[in-house]
Each structure stands twice: as structure tokens, then as C-alpha cells.
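Undergrad: Next comes the structure file upload.cif, holding mmCIF, C-alpha atoms.
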data_my_file
loop_
_atom_site.label_atom_id
_atom_site.label_comp_id
_atom_site.auth_asym_id
_atom_site.auth_seq_id
_atom_site.Cartn_x
_atom_site.Cartn_y
_atom_site.Cartn_z
CA MET A 1 27.42 29.22 -76.92
CA THR A 2 31.05 30.26 -76.75
CA VAL A 3 33.64 29.81 -74.02
CA THR A 4 37.25 30.92 -73.71
CA VAL A 5 39.90 28.18 -73.42
CA ASN A 6 43.47 29.31 -72.75
CA GLY A 7 42.61 32.75 -74.06
CA GLN A 8 41.02 31.53 -77.31
CA THR A 9 37.31 31.69 -78.10
CA GLN A 10 35.85 28.23 -78.70
CA GLU A 11 32.49 26.68 -79.43
CA GLY A 12 31.33 25.61 -75.97
CA CYS A 13 30.44 22.02 -75.01
CA ALA A 14 27.95 20.94 -72.35
CA ASN A 15 30.53 20.19 -69.68
CA VAL A 16 34.26 20.33 -68.95
CA LEU A 17 34.94 16.70 -69.92
CA GLU A 18 33.29 17.13 -73.33
CA GLN A 19 35.21 20.35 -73.91
CA LEU A 20 38.52 18.66 -73.11
CA THR A 21 37.78 15.65 -75.32
CA GLN A 22 36.50 17.82 -78.15
CA MET A 23 39.72 19.83 -78.13
CA GLY A 24 41.97 16.75 -78.02
CA PHE A 25 43.16 17.02 -74.41
CA ASP A 26 43.74 13.84 -72.43
CA PRO A 27 41.71 14.48 -69.24
CA LYS A 28 44.20 12.42 -67.23
CA ARG A 29 47.09 14.71 -68.19
CA VAL A 30 45.64 18.13 -67.48
CA ALA A 31 44.66 20.43 -64.64
CA VAL A 32 41.64 22.65 -65.28
CA GLU A 33 40.69 26.00 -63.83
CA LYS A 34 37.21 27.38 -64.56
CA ASN A 35 36.69 31.09 -63.93
CA GLY A 36 39.69 31.09 -61.62
CA GLU A 37 38.73 28.04 -59.55
CA ILE A 38 40.27 24.58 -59.90
CA VAL A 39 37.84 21.95 -61.18
CA PRO A 40 38.24 18.71 -59.14
CA ARG A 41 39.28 15.79 -61.35
CA ALA A 42 36.22 13.75 -60.40
CA GLN A 43 33.91 16.55 -61.49
CA TYR A 44 34.89 17.21 -65.12
CA GLU A 45 31.76 15.51 -66.41
CA THR A 46 29.42 17.09 -63.87
CA THR A 47 30.75 20.64 -64.29
CA PRO A 48 28.50 22.35 -66.86
CA LEU A 49 29.70 25.17 -69.10
CA LYS A 50 27.77 28.32 -69.93
CA GLU A 51 28.23 31.28 -72.24
CA GLY A 52 31.36 33.26 -71.43
CA ASP A 53 32.99 30.73 -69.09
CA LYS A 54 36.78 30.93 -69.01
CA LEU A 55 38.81 27.73 -68.85
CA GLU A 56 42.53 27.42 -68.30
CA VAL A 57 43.70 23.95 -69.30
CA VAL A 58 47.24 23.14 -68.20
CA ARG A 59 48.69 20.16 -70.05
CA PHE A 60 51.50 18.12 -68.56
CA VAL A 61 54.17 16.22 -70.46
CA GLY A 62 56.45 13.57 -68.99
CA GLY A 63 59.90 13.82 -67.47
CA GLY A 64 61.23 14.89 -64.11
CA MET B 1 80.21 8.26 -48.62
CA TRP B 2 81.74 11.03 -46.47
CA GLU B 3 82.22 10.22 -42.83
CA ALA B 4 81.06 12.71 -40.24
CA ALA B 5 84.69 13.09 -39.14
CA ASP B 6 85.57 14.52 -42.55
CA THR B 7 83.11 17.37 -42.11
CA PRO B 8 84.77 20.39 -40.54
CA ASN B 9 82.95 21.87 -37.59
CA VAL B 10 81.19 24.98 -38.82
CA THR B 11 78.76 26.75 -36.55
CA LYS B 12 75.35 27.97 -37.61
CA GLU B 13 76.57 31.54 -37.01
CA GLN B 14 79.56 31.04 -39.33
CA LEU B 15 77.31 29.75 -42.11
CA GLN B 16 74.91 32.65 -41.61
CA GLY B 17 77.78 35.12 -41.60
CA ALA B 18 79.03 33.70 -44.89
CA MET B 19 75.56 34.11 -46.43
CA ASP B 20 75.28 37.68 -45.13
CA GLN B 21 78.35 38.62 -47.14
CA ARG B 22 76.28 38.03 -50.29
CA PHE B 23 72.77 39.17 -49.37
CA SER B 24 71.16 41.19 -46.61
CA ARG B 25 70.41 39.64 -43.24
CA GLU B 26 66.70 40.24 -43.86
CA ILE B 27 66.76 38.12 -47.01
CA ARG B 28 68.65 35.35 -45.23
CA GLN B 29 66.09 35.38 -42.41
CA ARG B 30 63.11 35.24 -44.75
CA LEU B 31 64.65 32.27 -46.53
CA ALA B 32 65.46 30.57 -43.22
CA GLU B 33 61.84 30.92 -42.08
CA ALA B 34 60.48 29.47 -45.33
CA ARG B 35 59.25 25.96 -45.97
CA VAL B 36 59.14 24.30 -49.39
CA GLY B 37 57.77 20.87 -50.28
CA ILE B 38 59.29 18.81 -53.08
CA ALA B 39 57.21 15.97 -54.52
CA GLY B 40 59.49 13.54 -56.34
CA LEU B 41 63.24 13.46 -55.74
CA GLY B 42 64.46 12.52 -59.22
CA GLY B 43 66.16 14.70 -61.81
CA LEU B 44 64.11 17.76 -60.96
CA GLY B 45 63.51 17.25 -57.25
CA SER B 46 67.03 16.29 -56.19
CA HIS B 47 68.48 19.36 -57.96
CA ILE B 48 65.78 21.66 -56.59
CA ALA B 49 66.52 20.40 -53.07
CA VAL B 50 70.26 21.00 -53.41
CA MET B 51 69.74 24.51 -54.77
CA LEU B 52 67.25 25.47 -52.05
CA ALA B 53 69.51 24.02 -49.36
CA ARG B 54 72.44 26.08 -50.65
CA THR B 55 70.19 29.14 -50.71
CA GLY B 56 69.34 28.60 -47.05
CA VAL B 57 65.65 27.72 -47.27
CA GLY B 58 65.08 26.67 -43.67
CA THR B 59 62.67 23.75 -43.99
CA LEU B 60 62.55 21.25 -46.84
CA HIS B 61 59.77 18.64 -47.00
CA LEU B 62 61.11 15.84 -49.22
CA VAL B 63 58.74 13.18 -50.54
CA ASP B 64 59.55 10.14 -52.69
CA PHE B 65 58.80 6.41 -52.46
CA ASP B 66 61.72 5.20 -54.57
CA VAL B 67 65.28 3.98 -54.08
CA VAL B 68 68.43 5.10 -55.92
CA ASP B 69 68.95 3.10 -59.10
CA LEU B 70 71.83 2.93 -61.60
CA THR B 71 69.63 4.55 -64.28
CA ASN B 72 69.26 7.64 -62.07
CA LEU B 73 72.92 8.63 -62.05
CA ASN B 74 72.91 10.29 -65.48
CA ARG B 75 70.92 13.20 -64.10
CA GLN B 76 70.08 12.96 -60.39
CA GLN B 77 72.05 14.14 -57.35
CA TYR B 78 73.00 10.67 -56.12
CA PHE B 79 76.24 8.70 -56.01
CA LEU B 80 77.32 5.12 -56.61
CA PRO B 81 77.67 4.27 -52.89
CA GLN B 82 73.99 5.19 -52.47
CA LEU B 83 72.57 2.59 -54.90
CA GLY B 84 69.61 0.87 -53.27
CA GLN B 85 69.13 3.54 -50.61
CA GLU B 86 65.84 5.38 -50.24
CA LYS B 87 66.10 8.66 -52.15
CA THR B 88 64.79 10.57 -49.13
CA HIS B 89 67.62 9.17 -47.03
CA ALA B 90 70.32 9.60 -49.70
CA LEU B 91 69.31 13.19 -50.36
CA CYS B 92 69.17 14.15 -46.68
CA GLN B 93 72.71 12.80 -46.31
CA LEU B 94 73.87 15.13 -49.09
CA LEU B 95 71.91 18.17 -47.89
CA ARG B 96 73.30 17.88 -44.38
CA GLN B 97 76.78 18.20 -45.84
CA ILE B 98 75.77 21.45 -47.49
CA ASN B 99 74.08 22.87 -44.39
CA PRO B 100 73.65 20.75 -41.25
CA TYR B 101 71.31 23.31 -39.66
CA LEU B 102 68.38 22.99 -42.07
CA THR B 103 65.17 21.29 -40.97
CA LEU B 104 64.62 18.31 -43.25
CA LEU B 105 61.28 16.51 -43.31
CA PRO B 106 61.75 13.34 -45.39
CA GLN B 107 58.76 11.11 -46.11
CA THR B 108 59.18 7.84 -47.97
CA VAL B 109 55.70 7.35 -49.35
CA ARG B 110 53.96 6.99 -52.69
CA VAL B 111 51.80 10.03 -53.39
CA THR B 112 48.24 9.22 -54.45
CA GLU B 113 45.03 11.13 -55.05
CA GLU B 114 43.94 9.92 -51.60
CA ASN B 115 46.93 11.18 -49.57
CA ALA B 116 48.23 14.18 -51.59
CA GLY B 117 46.06 16.79 -49.87
CA GLU B 118 47.03 15.61 -46.41
CA LEU B 119 50.72 15.30 -47.30
CA PHE B 120 51.25 18.80 -48.66
CA ARG B 121 48.72 20.95 -46.79
CA GLU B 122 51.39 22.49 -44.57
CA ASP B 123 53.69 23.47 -47.47
CA PRO B 124 53.11 27.08 -48.59
CA ILE B 125 55.12 26.30 -51.73
CA LEU B 126 55.20 22.88 -53.41
CA CYS B 127 57.57 21.96 -56.25
CA GLU B 128 56.00 19.21 -58.36
CA ALA B 129 58.86 17.06 -59.64
CA PHE B 130 57.24 13.81 -60.73
CA ASP B 131 58.09 11.89 -63.88
CA GLN B 132 54.78 10.70 -65.35
CA PRO B 133 52.32 13.22 -66.82
CA GLU B 134 49.31 11.51 -65.21
CA GLN B 135 50.99 11.77 -61.81
CA LYS B 136 51.84 15.44 -62.38
CA ALA B 137 48.23 16.22 -63.32
CA MET B 138 46.90 14.25 -60.35
CA LEU B 139 49.17 16.01 -57.85
CA VAL B 140 48.65 19.53 -59.18
CA SER B 141 44.84 19.18 -59.38
CA THR B 142 44.52 17.54 -55.98
CA VAL B 143 46.77 20.02 -54.18
CA LEU B 144 45.15 23.08 -55.77
CA GLU B 145 41.76 21.67 -54.80
CA GLN B 146 42.55 20.51 -51.25
CA CYS B 147 45.38 22.79 -50.07
CA PRO B 148 44.04 26.36 -50.23
CA ASN B 149 47.26 27.94 -48.92
CA THR B 150 49.67 26.13 -51.24
CA THR B 151 51.17 27.51 -54.43
CA VAL B 152 52.45 24.84 -56.83
CA ILE B 153 55.50 25.15 -59.09
CA SER B 154 55.32 22.36 -61.64
CA GLY B 155 57.88 21.07 -64.14
CA SER B 156 56.58 20.11 -67.57
CA GLY B 157 58.74 19.49 -70.63
CA MET B 158 62.49 19.08 -70.16
CA ALA B 159 63.36 15.79 -71.91
CA GLY B 160 66.11 15.47 -74.49
CA TYR B 161 68.80 17.97 -75.48
CA GLY B 162 66.76 20.62 -77.26
CA SER B 163 67.57 24.27 -76.74
CA ALA B 164 67.77 25.30 -73.11
CA ASN B 165 66.20 28.59 -74.21
CA ASP B 166 62.87 26.84 -74.83
CA ILE B 167 62.50 26.27 -71.10
CA HIS B 168 60.57 29.08 -69.46
CA SER B 169 58.51 29.88 -66.36
CA ARG B 170 54.96 31.20 -66.47
CA LYS B 171 51.97 31.65 -64.22
CA ALA B 172 49.44 29.12 -65.53
CA ALA B 173 46.61 29.44 -63.01
CA ARG B 174 45.81 31.30 -59.79
CA ARG B 175 48.17 29.25 -57.56
CA LEU B 176 50.10 27.42 -60.26
CA TYR B 177 53.36 28.22 -62.00
CA LEU B 178 54.69 26.07 -64.83
CA CYS B 179 58.36 25.60 -65.76
CA GLY B 180 59.58 23.76 -68.84
CA ASP B 181 59.15 23.81 -72.60
CA GLU B 182 55.62 22.39 -72.13
CA THR B 183 55.92 20.21 -75.25
CA THR B 184 58.83 17.73 -75.19
CA ASP B 185 57.38 14.48 -73.84
CA LEU B 186 59.35 11.39 -72.93
CA ALA B 187 59.67 9.03 -75.90
CA PRO B 188 61.72 5.96 -76.80
CA PHE B 189 65.36 7.12 -76.93
CA ARG B 190 64.38 10.61 -75.80
CA GLY B 191 64.86 10.43 -72.07
CA LEU B 192 66.24 12.95 -69.67
CA MET B 193 69.73 14.38 -69.53
CA ALA B 194 71.36 16.23 -66.66
CA PRO B 195 71.81 19.64 -68.34
CA ARG B 196 68.27 20.26 -69.50
CA VAL B 197 66.58 18.76 -66.45
CA SER B 198 68.85 20.97 -64.32
CA VAL B 199 67.81 24.05 -66.30
CA CYS B 200 64.18 23.25 -65.52
CA ALA B 201 64.99 22.53 -61.87
CA GLY B 202 66.76 25.89 -61.75
CA HIS B 203 63.62 27.60 -63.01
CA GLN B 204 61.55 25.90 -60.32
CA ALA B 205 64.02 26.63 -57.52
CA ASN B 206 64.41 30.26 -58.59
CA LEU B 207 60.64 30.68 -58.63
CA ALA B 208 60.42 29.22 -55.13
CA VAL B 209 63.01 31.74 -53.94
CA ARG B 210 61.17 34.57 -55.70
CA LEU B 211 57.86 33.63 -54.06
CA ILE B 212 59.52 33.41 -50.63
CA LEU B 213 60.98 36.89 -51.11
CA GLY B 214 57.65 38.35 -52.24
CA GLU B 215 58.12 38.44 -56.01
CA GLU B 216 55.05 37.02 -57.70
CA THR B 217 55.94 37.41 -61.36
CA PRO B 218 57.62 34.37 -62.91
#
Could you render the structure from this file as C-alpha cells?
TA:
Amino acid sequence: MTVTVNGQTQEGCANVLEQLTQMGFDPKRVAVEKNGEIVPRAQYETTPLKEGDKLEVVRFVGGG
Amino acid sequence: MWEAADTPNVTKEQLQGAMDQRFSREIRQRLAEARVGIAGLGGLGSHIAVMLARTGVGTLHLVDFDVVDLTNLNRQQYFLPQLGQEKTHALCQLLRQINPYLTLLPQTVRVTEENAGELFREDPILCEAFDQPEQKAMLVSTVLEQCPNTTVISGSGMAGYGSANDIHSRKAARRLYLCGDETTDLAPFRGLMAPRVSVCAGHQANLAVRLILGEETP
């Protein structure tokens, strides 16, 4: 199963949380859009991924 | 700092007339009717607020829980006589000296996952200007989830004194724009300096103006 993360094809994980962890993102420092809809922070683990899903993962760094 | 008596009496019409010498009346009116929220009034937020006030954005919703501290003065729009004052209060004082006819909505409150949706629901445009990456992520996610009519302009990556040219604006998601270099994190002895944080604030403020005036490309 493959998914697209930030425009790149990736081996897909079972859910959003696994995909983030697998790719080295800190789930507390990102915002995630799946197929154009924001994924609520509490639902990363319960949001399943399927073939062809598109994720946008926006990573935040400190300072402001 | 400045007493009211030092401020010359300038009417709203005089200020508007001065703006109309630079841009059309229609642009001035669209800006005056606009409302922008700013979450965090530090290095990013205080500069964004000053720039939007000068530009004539009619309503500014200013949210921060903190007070002005000596460590803020290397990069934030505050002054020595304001040490210890709430940032919302200190900033409103300054903005009223730029344009006394703006509507300012200050709220001294700590933004959490529980209150963020409620706080910013009425802001069509929200500039995220927090310091900590976890707080940035929390605010952006929560607002995009709970505020369907809000577009967020977030600042990410402006620490240090790296090239100003690395700071950019891009559309990162359907209602999310990102400004910054997206990589330079805070680190020991790599804090924030006024020039680079101002560059990033300028990106955010310019994007807010662009969105108000109907331009959707970053």
C-alpha cells in the first residue's frame, strides 16, 4: 500500500500516527491534512490510511 | 510613555485622506473593514500588529497571556517603561498612537486546546505568532479543525541570523499559509534577533494584507 506524504510516494502505514512516527515526525509538532481535510490531533491513531491517500504534514519549529 | 497631551489631534478623516494619497479609497475601505487575529504578541506578533495598524486594518484581535520582560526588548515592540505590563495593554497603547481610530480587541488569556476554537472563531484571518513548536502545532490544528471560516498564517523558522533570503511564504494546506525558513529551531545560544524575526513578521503581515485584498497566492 502506498500513500503520498508532502508530494512524495511512501510505503503506507496503518494509521496517521504510525505514518508520522515511521517518518520521524514528532506528532506534537505537526499539523496534518489528509486528502484536504485537517486531521484532529486526538484522532491520529484512529485515522486509518488506505491506498492513494494524500497527507500534508506541516512541521513547526520554535521561535516567535 | 507618551502622554495623551503630546499626541496632536488628528481626525479620522485626515488619517484616511493621508492613506488615500498612497492607495485607492477602495483599498483603504477593504482594509478598514477587515479583522485579523494575532495569537502571541512577542517578536512576531507585536511587529505584525504594528504593521497591520499602520496599513489601516480596521479590527485587530490581540491575544497573549504574558507581561513585558527585559528579555523581550531585543526584538519585540515594547519599551523600558512598559516592563511588567501585560503585552496586550502595552501593545494597544502603542497602536493607538499610530492610529487611534482602529478597533482593538485585546484578550489577556493563555491559549489552550480547550479554548482556541472559541477564541478565534470570529477571525477570518489568524496570524499564529507563538514561540514553542508544540503550541504552534496545537493552535494551527485546533483552529483549522474548529474554525471553518478562518485562514491561518503561521510563522515557523526565524531564529538566529541566517540569511533573510531563506525566509519564504507558502501555502501549506487548504486554509494554512506558512512563513519562515521552516528549519531553524531555537537552540542554546541561537535565540531570536530583531531583524530576522521582523522579516518573518513582514511575510505574515503582507500575506494578511494580500488575503484581505483578494490575493490568494503567497
Undergrad: Report, in Å to a single decimal, how far apart atom CA of Gln146 of chain B and atom CA of Leu104 of chain B are.
TA: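 One can read the atom CA of Leu104 of chain B to atom CA of Gln146 of chain B distance as 23.6 Å.
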Undergrad: Carefully work through the PyMOL selection byres ((chain A) within 7 of (chain B)) for this structure and note down the residues it includes, as a VMD selection string.
TA: chain A and resid 28 to 31 33 36 38 40 to 41 56 58 60 to 64
Undergrad: Report as a list in words all protein, DNA and RNA residues lying within 10 Å of Lys87 of chain B, evaluated on only C-alpha atoms, omitting residues in the same chain fewer than 5 positions from it.
TA: Gly40, Leu41, Gly42, Ser46, Leu62, Val63, Asp64, Phe65, Asp66, Val67, Val68, Asp69, Gln77, Tyr78, Gln82, Cys92, Gln93, Pro106, Gln107 and Thr108 of chain B
Undergrad: Please report the interatomic distance between atom CA of Met1 of chain A and atom CA of Glu51 of chain A in Å with one decimal.
TA: 5.2 Å
Undergrad: Go through B:Glu114, B:Asp20, B:Glu86, B:Glu33 one by one, measure the shortest atom-to-atom distance of each to Val209 of chain B using all atoms listed in the file, and give the residue with the smallest value.
TA: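 Comparing B:Glu114, B:Asp20, B:Glu86, B:Glu33 against Val209 of chain B, the winner is B:Glu33.
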Undergrad: Determine, counting only C-alpha atoms, which protein, DNA and RNA residues have an atom within 10 Å of an atom of segment 22-26 of chain A; residues of the same chain fewer than 4 positions away are not included. Present the result as an mmCIF file with C-alpha atoms, in the coordinates of the input.
TA:
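The result, stored in part_28.cif:
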data_model
loop_
_atom_site.group_PDB
_atom_site.id
_atom_site.type_symbol
_atom_site.label_atom_id
_atom_site.label_comp_id
_atom_site.auth_asym_id
_atom_site.auth_seq_id
_atom_site.Cartn_x
_atom_site.Cartn_y
_atom_site.Cartn_z
ATOM 1 C CA VAL A 5 39.900 28.180 -73.420
ATOM 2 C CA GLN A 10 35.850 28.230 -78.700
ATOM 3 C CA GLU A 11 32.490 26.680 -79.430
ATOM 4 C CA GLY A 12 31.330 25.610 -75.970
ATOM 5 C CA CYS A 13 30.440 22.020 -75.010
ATOM 6 C CA VAL A 16 34.260 20.330 -68.950
ATOM 7 C CA LEU A 17 34.940 16.700 -69.920
ATOM 8 C CA GLU A 18 33.290 17.130 -73.330
ATOM 9 C CA VAL A 30 45.640 18.130 -67.480
ATOM 10 C CA VAL A 57 43.700 23.950 -69.300
ATOM 11 C CA VAL A 58 47.240 23.140 -68.200
ATOM 12 C CA ARG A 59 48.690 20.160 -70.050
ATOM 13 C CA PHE A 60 51.500 18.120 -68.560
ATOM 14 C CA GLU B 134 49.310 11.510 -65.210
#
Undergrad: When the PyMOL selection byres ((chain B and resi 51-58) around 8) is applied to the structure above, which residues does it catch, written out as a VMD selection string?
TA: chain B and resid 28 31 to 36 47 to 50 59 to 60 95 98 to 99 102 to 103 202 205 209
Undergrad: Using all atoms listed in the file, which of the listed residues (B:His203, B:Arg110, B:Arg96, B:His89) sits closest to Cys127 of chain B?
TA: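 Under the stated criterion, the closest residue is B:His203.
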Undergrad: In Å, rounded to a single decimal, give me how far atom CA of Ala14 of chain A is from atom CA of Ala42 of chain A.
TA: 16.2 Å
Undergrad: Given the file shown, enumerate the residues that the PyMOL selection byres ((chain A and resi 45) around 7) captures and present them as a PyMOL selection string.
TA: chain A and resi 15-17+43-44+46-47
Undergrad: Counting all atoms listed in the file, figure out which residue out of B:Val199, B:Ala39, B:Asp123, B:Asn72 gets nearest to Ile212 of chain B.
TA: B:Asp123
Undergrad: Counting all atoms listed in the file, write as an MDAnalysis selection string all protein and nucleic acid residues lying at most 8 Å from (42.1, 32.3, -73.0) in the file's frame.
TA: chainID A and resid 4:9 54:56
Undergrad: Have a look at B:Asn149, B:Leu119, B:Pro100, B:Ala164 and name the one nearest to Pro8 of chain B; count only C-alpha atoms.
TA: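 Selected residue with least distance to Pro8 of chain B: B:Pro100.
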Undergrad: How would segment 185-196 of chain B of the given structure read as a file with all heavy atoms, as a PDB file, in the first residue's frame?
TA:
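The file below, decode.pdb, is the result:
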ATOM      1  N   ASP B 185      15.436  25.887  14.246  1.00  0.00           N
ATOM      2  CA  ASP B 185      14.760  25.783  15.542  1.00  0.00           C
ATOM      3  C   ASP B 185      15.509  26.638  16.574  1.00  0.00           C
ATOM      4  O   ASP B 185      16.664  27.002  16.360  1.00  0.00           O
ATOM      5  CB  ASP B 185      14.766  24.320  15.987  1.00  0.00           C
ATOM      6  CG  ASP B 185      13.473  23.945  16.697  1.00  0.00           C
ATOM      7  OD1 ASP B 185      12.840  24.837  17.288  1.00  0.00           O
ATOM      8  OD2 ASP B 185      13.118  22.760  16.658  1.00  0.00           O
ATOM      9  N   LEU B 186      14.844  26.920  17.670  1.00  0.00           N
ATOM     10  CA  LEU B 186      15.546  27.538  18.792  1.00  0.00           C
ATOM     11  C   LEU B 186      16.548  26.532  19.342  1.00  0.00           C
ATOM     12  O   LEU B 186      16.287  25.334  19.365  1.00  0.00           O
ATOM     13  CB  LEU B 186      14.550  27.894  19.892  1.00  0.00           C
ATOM     14  CG  LEU B 186      13.561  29.012  19.590  1.00  0.00           C
ATOM     15  CD1 LEU B 186      12.521  29.091  20.696  1.00  0.00           C
ATOM     16  CD2 LEU B 186      14.287  30.331  19.452  1.00  0.00           C
ATOM     17  N   ALA B 187      17.704  27.012  19.796  1.00  0.00           N
ATOM     18  CA  ALA B 187      18.708  26.137  20.392  1.00  0.00           C
ATOM     19  C   ALA B 187      19.492  26.974  21.379  1.00  0.00           C
ATOM     20  O   ALA B 187      19.408  28.200  21.352  1.00  0.00           O
ATOM     21  CB  ALA B 187      19.627  25.586  19.296  1.00  0.00           C
ATOM     22  N   PRO B 188      20.258  26.314  22.275  1.00  0.00           N
ATOM     23  CA  PRO B 188      21.080  27.116  23.189  1.00  0.00           C
ATOM     24  C   PRO B 188      21.976  28.071  22.406  1.00  0.00           C
ATOM     25  O   PRO B 188      22.632  27.666  21.452  1.00  0.00           O
ATOM     26  CB  PRO B 188      21.914  26.047  23.925  1.00  0.00           C
ATOM     27  CG  PRO B 188      21.086  24.811  23.835  1.00  0.00           C
ATOM     28  CD  PRO B 188      20.380  24.878  22.518  1.00  0.00           C
ATOM     29  N   PHE B 189      21.956  29.333  22.755  1.00  0.00           N
ATOM     30  CA  PHE B 189      22.714  30.392  22.092  1.00  0.00           C
ATOM     31  C   PHE B 189      22.323  30.597  20.634  1.00  0.00           C
ATOM     32  O   PHE B 189      23.095  31.141  19.845  1.00  0.00           O
ATOM     33  CB  PHE B 189      24.226  30.181  22.258  1.00  0.00           C
ATOM     34  CG  PHE B 189      24.630  30.200  23.701  1.00  0.00           C
ATOM     35  CD1 PHE B 189      24.955  29.018  24.368  1.00  0.00           C
ATOM     36  CD2 PHE B 189      24.627  31.391  24.412  1.00  0.00           C
ATOM     37  CE1 PHE B 189      25.280  29.033  25.710  1.00  0.00           C
ATOM     38  CE2 PHE B 189      24.960  31.409  25.758  1.00  0.00           C
ATOM     39  CZ  PHE B 189      25.284  30.233  26.411  1.00  0.00           C
ATOM     40  N   ARG B 190      21.150  30.107  20.247  1.00  0.00           N
ATOM     41  CA  ARG B 190      20.577  30.513  18.958  1.00  0.00           C
ATOM     42  C   ARG B 190      19.135  30.921  19.227  1.00  0.00           C
ATOM     43  O   ARG B 190      18.212  30.147  19.061  1.00  0.00           O
ATOM     44  CB  ARG B 190      20.641  29.405  17.906  1.00  0.00           C
ATOM     45  CG  ARG B 190      20.246  29.947  16.519  1.00  0.00           C
ATOM     46  CD  ARG B 190      20.350  28.899  15.440  1.00  0.00           C
ATOM     47  NE  ARG B 190      19.417  27.818  15.663  1.00  0.00           N
ATOM     48  CZ  ARG B 190      19.685  26.539  15.421  1.00  0.00           C
ATOM     49  NH1 ARG B 190      20.856  26.178  14.964  1.00  0.00           N
ATOM     50  NH2 ARG B 190      18.777  25.609  15.642  1.00  0.00           N
ATOM     51  N   GLY B 191      18.998  32.111  19.722  1.00  0.00           N
ATOM     52  CA  GLY B 191      17.666  32.645  20.017  1.00  0.00           C
ATOM     53  C   GLY B 191      17.169  33.465  18.839  1.00  0.00           C
ATOM     54  O   GLY B 191      17.526  33.208  17.693  1.00  0.00           O
ATOM     55  N   LEU B 192      16.379  34.445  19.192  1.00  0.00           N
ATOM     56  CA  LEU B 192      15.777  35.285  18.159  1.00  0.00           C
ATOM     57  C   LEU B 192      16.414  36.656  18.173  1.00  0.00           C
ATOM     58  O   LEU B 192      16.760  37.176  19.229  1.00  0.00           O
ATOM     59  CB  LEU B 192      14.284  35.413  18.425  1.00  0.00           C
ATOM     60  CG  LEU B 192      13.513  34.106  18.304  1.00  0.00           C
ATOM     61  CD1 LEU B 192      12.223  34.183  19.081  1.00  0.00           C
ATOM     62  CD2 LEU B 192      13.252  33.759  16.861  1.00  0.00           C
ATOM     63  N   MET B 193      16.561  37.223  16.977  1.00  0.00           N
ATOM     64  CA  MET B 193      17.052  38.594  16.865  1.00  0.00           C
ATOM     65  C   MET B 193      16.038  39.409  16.080  1.00  0.00           C
ATOM     66  O   MET B 193      15.325  38.885  15.229  1.00  0.00           O
ATOM     67  CB  MET B 193      18.391  38.613  16.132  1.00  0.00           C
ATOM     68  CG  MET B 193      19.566  38.149  16.947  1.00  0.00           C
ATOM     69  SD  MET B 193      21.068  38.487  16.026  1.00  0.00           S
ATOM     70  CE  MET B 193      22.271  37.715  17.118  1.00  0.00           C
ATOM     71  N   ALA B 194      16.033  40.715  16.368  1.00  0.00           N
ATOM     72  CA  ALA B 194      15.021  41.591  15.771  1.00  0.00           C
ATOM     73  C   ALA B 194      14.966  41.523  14.241  1.00  0.00           C
ATOM     74  O   ALA B 194      13.884  41.432  13.672  1.00  0.00           O
ATOM     75  CB  ALA B 194      15.242  43.028  16.229  1.00  0.00           C
ATOM     76  N   PRO B 195      16.118  41.555  13.536  1.00  0.00           N
ATOM     77  CA  PRO B 195      15.989  41.642  12.075  1.00  0.00           C
ATOM     78  C   PRO B 195      15.269  40.441  11.454  1.00  0.00           C
ATOM     79  O   PRO B 195      14.327  40.602  10.695  1.00  0.00           O
ATOM     80  CB  PRO B 195      17.452  41.714  11.597  1.00  0.00           C
ATOM     81  CG  PRO B 195      18.203  42.256  12.760  1.00  0.00           C
ATOM     82  CD  PRO B 195      17.517  41.693  13.966  1.00  0.00           C
ATOM     83  N   ARG B 196      15.708  39.244  11.820  1.00  0.00           N
ATOM     84  CA  ARG B 196      15.148  38.080  11.132  1.00  0.00           C
ATOM     85  C   ARG B 196      13.701  37.809  11.564  1.00  0.00           C
ATOM     86  O   ARG B 196      12.876  37.400  10.759  1.00  0.00           O
ATOM     87  CB  ARG B 196      16.040  36.851  11.406  1.00  0.00           C
ATOM     88  CG  ARG B 196      16.054  35.881  10.253  1.00  0.00           C
ATOM     89  CD  ARG B 196      17.289  34.997  10.309  1.00  0.00           C
ATOM     90  NE  ARG B 196      17.299  34.097   9.170  1.00  0.00           N
ATOM     91  CZ  ARG B 196      16.800  32.868   9.195  1.00  0.00           C
ATOM     92  NH1 ARG B 196      16.265  32.395  10.291  1.00  0.00           N
ATOM     93  NH2 ARG B 196      16.841  32.123   8.111  1.00  0.00           N
TER      94      ARG B 196
END
